[in-house]
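Novice: Sharing a structure, written as structure tokens. Questions coming.
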Amino acid sequence: MSKILSYLAVPAIALSIAYPSAASAPQFQTPAPVAFMQDLSSGAVLYAKDADRRMPPASMAKMMTAYVAFDMIKRGELKLDQEFEVRPETWKRWHGPAAGSTMFLSVGEKVSVQNLLYGIVVLSGNDACVVLAEGISGTEEAFVQRMNEAAQKLGLSNSRFGNSNGWPDNGMTYVTARDLSKLAGSTIEEHPKLYKQFYSRRDFTWGKTLGSGTDITQANRDPLLGRVAGADGLKTGHTEEAGYGFTGSAEQGGRRLVMVLAGLTSFNQRISESVRFMDWGFRAWQAKPIVKQGRKVTEADVQLGDAATVGLVAPRDLKVALPSGAVPAMSAKVVYQGPLKAPIKAGAHVADLVVTSPGLPTQTMPLVAEADVGEAGFFGRAWAGLTGLFG
């Protein structure tokens with residue numbers, strides 16, 4: 001267990017974590033023009049290659065469509081058993097070989113939100129995206145406004161969505177690998193149950209073949225499923241303009257990685273590079289525990305609260321990502337916008353533990369409030385005002 005050696009004054013509290021040697025980040029080579037990998041457990045960016053280049057997402061845009069639906073379900077604004085009808089105009093537009101990936105919906109049928117989400121996530125159905133979008137917002141255009149509002153809320157500063165399924169639209173829709181990773185991480189962390197339900201499913205059956213009436217079962221295109229231990233998402237994409245891309249995630253031994261590859265030249269290359277990249281992330285890097293769940297790291301000053309300070313604790317076991325076998329020198333500081341303003345809820349994310357080491361990526365992990373802090377009463381606020389005047 002690492003030893004916390006010293007504290008400095010808030011709002012930036014320095015914690016020295018001493019190890020005997022320096023280290024350098026492991027190297028990785030890929031033919032993908034764009035590549036990105038982040039360790040969600042520590043916040044460390046393990047690899048970045050042209051990660052902020054704007055590019056067409058193809059079907060990886062469907063992650064945002066799913067995220068918007070997940071968010072609405074979480075807030076009680078949408079239900080999994082709610083049904084939407086397939087409009088004739090929508091069916092006509094997204095039916096046939098020229099319409100790309102399809103769920104094989106039928107005109108006039110009523111489909112539940114749950115089945116549409118399987119159609120989007122597992123089958124990459126362009127038709128399913130538009131039916132869901134129209135069902136939620138009335139028109140696809142109105143739903144796209146929701147997508148862009150969600151992107152802004154998540155801080156996807158280099159992304160814009162022009163439709164619900166990533167269909168080529170003359171550059172109206174674009175993303176970056178860094179933003180796709182952030183979207184994937186937000187989906188996993190904010191909606192863990194829905195993420196597990198939909199993204200890790202291996203196949204889905206919907207629709208029937210013409211003539212024989214045989215059920216149509218399609219496999220999930222995720223190249224990591226069944227090839228990398230702990231793989232459970234997310235989304236492939238392919239158009240002539242974008243090439244072959246993939247945003248994926250896997251968890252092993254309590255470490256969760258998110259990866260993005262884009263611009264690959266073939267279906268098979270996407271499989272091989274995705275597996276190789278994720279294997280590298282788990283093999284070339286290790287997790288080093290630094291703070292156990294529930295441990296108080298320090299305290300933060302509180303403004304106009306019924307307590308002057310609040311403890312900052314680890315919401316989970318905090319670990320840093322290090323090159324395998326390395327024991328580098330590290331330092332850490334607690335950073336927050338202080339003093340914190342009351343009221344504060346126990347468990348609220350109010351600060352970050354930022355760990356740095358020469359030659360390695362900066363790693364940022366959350367710290368949460370140890371207890372509730374209410375607002376100060378009248379006399380407490382008056383006293384704070386007086387001390388502010390004469391302090």
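Chain labels A, B, ... are given in the sequence in which chains occur in the structure tokens; within each chain residues are numbered consecutively from 1, and ligands are likewise numbered from 1 in the order shown.
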Need the shell around A:Phe143: protein/DNA/RNA residues with any atom at most 10 Å away, counting only C-alpha atoms. Skip same-chain ones fewer than 5 positions apart. Format as a list in words?

Specialist: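 Once the nearby chain positions are removed, what remains is Thr65, Val68, Val130, Leu132, Ala133, Glu134, Gly135, Ile136, Ser137, Gly138, Asn148, Glu149, Gly162, Asn163 and Ser164 of chain A.
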
Novice: Now that the selection is made, can you save its residues with C-alpha atoms as a PDB file, in the first residue's frame?

Specialist:
```pdb
ATOM      1  CA  THR A  65     -28.703   7.634 -29.795  1.00  0.00           C
ATOM      2  CA  VAL A  68     -30.004   9.661 -25.011  1.00  0.00           C
ATOM      3  CA  VAL A 130     -34.886   6.510 -36.950  1.00  0.00           C
ATOM      4  CA  LEU A 132     -36.754   5.330 -32.028  1.00  0.00           C
ATOM      5  CA  ALA A 133     -35.846   8.957 -32.771  1.00  0.00           C
ATOM      6  CA  GLU A 134     -39.240   9.700 -34.337  1.00  0.00           C
ATOM      7  CA  GLY A 135     -41.060   7.906 -31.534  1.00  0.00           C
ATOM      8  CA  ILE A 136     -39.301   9.920 -28.848  1.00  0.00           C
ATOM      9  CA  SER A 137     -39.231  13.375 -30.423  1.00  0.00           C
ATOM     10  CA  GLY A 138     -41.749  13.306 -33.281  1.00  0.00           C
ATOM     11  CA  ASN A 148     -26.322  17.568 -29.495  1.00  0.00           C
ATOM     12  CA  GLU A 149     -27.582  18.847 -26.146  1.00  0.00           C
ATOM     13  CA  GLY A 162     -26.623  15.553 -37.883  1.00  0.00           C
ATOM     14  CA  ASN A 163     -28.712  12.357 -37.778  1.00  0.00           C
ATOM     15  CA  SER A 164     -29.487   9.465 -35.450  1.00  0.00           C
TER      16      SER A 164
END
```

Novice: What are the DSSP alpha helix (DSSP H) residues of stretch 68-120 of chain A, as a ChimeraX atom specification?

Specialist: /A:68-74,88-93,113-120

Novice: Please list as number ranges by chain every residue within 9 Å of A:Leu318, counting only C-alpha atoms and excluding residues in the same chain fewer than 4 positions away.

Specialist: A: 41-42, 288-293, 314, 365-366

Novice: Hey, what's within 9 Å of stretch 276-280 of chain A if we count only C-alpha atoms and toss same-chain stuff fewer than 2 positions away? As JSON, numbers by chain, please?

Specialist: {"A": [28, 30, 37, 224, 228, 248, 249, 250, 257, 258, 259, 261, 271, 272, 273, 274, 282, 283, 284, 285]}

Novice: Looking only at strand (DSSP E) from DSSP on the backbone, list the matching residues of stretch 132-339 of chain A as a PyMOL selection string.

Specialist: chain A and resi 203-208+215-219+231-239+243-252+255-264+285-291+296-303+309-313+318-323+330-335

Novice: Using only C-alpha atoms, which protein or nucleic acid residues come within 9 Å of A:His95? Drop anything in the same chain fewer than 6 positions from it, and give the result as an mmCIF file with all heavy atoms, in the first residue's frame.

Specialist:
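The resulting around-v4.cif:
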```
data_model
loop_
_atom_site.group_PDB
_atom_site.id
_atom_site.type_symbol
_atom_site.label_atom_id
_atom_site.label_comp_id
_atom_site.auth_asym_id
_atom_site.auth_seq_id
_atom_site.Cartn_x
_atom_site.Cartn_y
_atom_site.Cartn_z
ATOM 1 N N THR A 102 -29.627 -3.105 -41.161
ATOM 2 C CA THR A 102 -31.056 -3.018 -40.884
ATOM 3 C C THR A 102 -31.474 -4.006 -39.810
ATOM 4 O O THR A 102 -30.856 -5.067 -39.630
ATOM 5 C CB THR A 102 -31.876 -3.285 -42.164
ATOM 6 O OG1 THR A 102 -33.272 -3.223 -41.851
ATOM 7 C CG2 THR A 102 -31.560 -4.644 -42.763
ATOM 8 N N PHE A 104 -34.544 -5.086 -40.042
ATOM 9 C CA PHE A 104 -35.616 -5.765 -40.791
ATOM 10 C C PHE A 104 -36.984 -5.495 -40.164
ATOM 11 O O PHE A 104 -37.789 -6.407 -39.952
ATOM 12 C CB PHE A 104 -35.354 -7.265 -40.909
ATOM 13 C CG PHE A 104 -34.168 -7.590 -41.774
ATOM 14 C CD1 PHE A 104 -32.971 -7.994 -41.203
ATOM 15 C CD2 PHE A 104 -34.233 -7.476 -43.157
ATOM 16 C CE1 PHE A 104 -31.872 -8.285 -42.000
ATOM 17 C CE2 PHE A 104 -33.132 -7.759 -43.960
ATOM 18 C CZ PHE A 104 -31.949 -8.170 -43.377
ATOM 19 N N LEU A 105 -37.221 -4.226 -39.861
ATOM 20 C CA LEU A 105 -38.542 -3.823 -39.392
ATOM 21 C C LEU A 105 -39.543 -3.890 -40.537
ATOM 22 O O LEU A 105 -39.167 -3.797 -41.706
ATOM 23 C CB LEU A 105 -38.491 -2.404 -38.840
ATOM 24 C CG LEU A 105 -37.651 -2.198 -37.584
ATOM 25 C CD1 LEU A 105 -37.493 -0.716 -37.274
ATOM 26 C CD2 LEU A 105 -38.269 -2.931 -36.389
ATOM 27 N N SER A 106 -40.809 -4.008 -40.184
ATOM 28 C CA SER A 106 -41.886 -4.052 -41.174
ATOM 29 C C SER A 106 -42.762 -2.820 -41.044
ATOM 30 O O SER A 106 -42.953 -2.296 -39.937
ATOM 31 C CB SER A 106 -42.747 -5.303 -40.976
ATOM 32 O OG SER A 106 -41.975 -6.470 -41.147
ATOM 33 N N ASP A 127 -32.604 1.601 -39.535
ATOM 34 C CA ASP A 127 -34.052 1.774 -39.428
ATOM 35 C C ASP A 127 -34.483 1.898 -37.972
ATOM 36 O O ASP A 127 -35.314 2.746 -37.622
ATOM 37 C CB ASP A 127 -34.798 0.620 -40.117
ATOM 38 C CG ASP A 127 -34.325 -0.771 -39.680
ATOM 39 O OD1 ASP A 127 -33.328 -0.865 -38.925
ATOM 40 O OD2 ASP A 127 -34.943 -1.768 -40.117
#
```

Novice: Please provide the set of residues having any atom within 10 Å of stretch 77-81 of chain A, restricted to only C-alpha atoms, with same-chain residues fewer than 2 positions apart removed, written as a CSV table (one decimal) with C-alpha atoms, in the first residue's frame.

Specialist:
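Printed below is around.csv as written:
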```csv
chain,number,residue,atom,x,y,z
A,69,ALA,CA,-32.5,6.8,-24.7
A,70,PHE,CA,-30.7,5.4,-21.6
A,71,ASP,CA,-30.8,8.8,-20.0
A,72,MET,CA,-34.5,9.3,-20.6
A,73,ILE,CA,-35.2,5.8,-19.2
A,74,LYS,CA,-33.1,6.6,-16.1
A,75,ARG,CA,-35.2,9.8,-15.6
A,83,GLU,CA,-44.0,0.9,-28.3
A,84,PHE,CA,-43.4,3.0,-31.4
A,111,VAL,CA,-41.9,-2.2,-31.7
A,112,SER,CA,-40.9,-1.7,-28.0
A,113,VAL,CA,-38.1,0.6,-27.0
A,114,GLN,CA,-36.3,-2.4,-25.6
A,115,ASN,CA,-36.3,-4.2,-29.0
A,116,LEU,CA,-35.4,-1.1,-30.9
A,117,LEU,CA,-32.4,-0.6,-28.6
A,136,ILE,CA,-39.3,9.9,-28.8
```

Novice: Between atom CA of A:Ser186 and atom CA of A:Gln286, what distance in Å does the model show, to one decimal?

Specialist: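 So the two atoms, atom CA of A:Ser186 and atom CA of A:Gln286, lie 22.8 Å apart.
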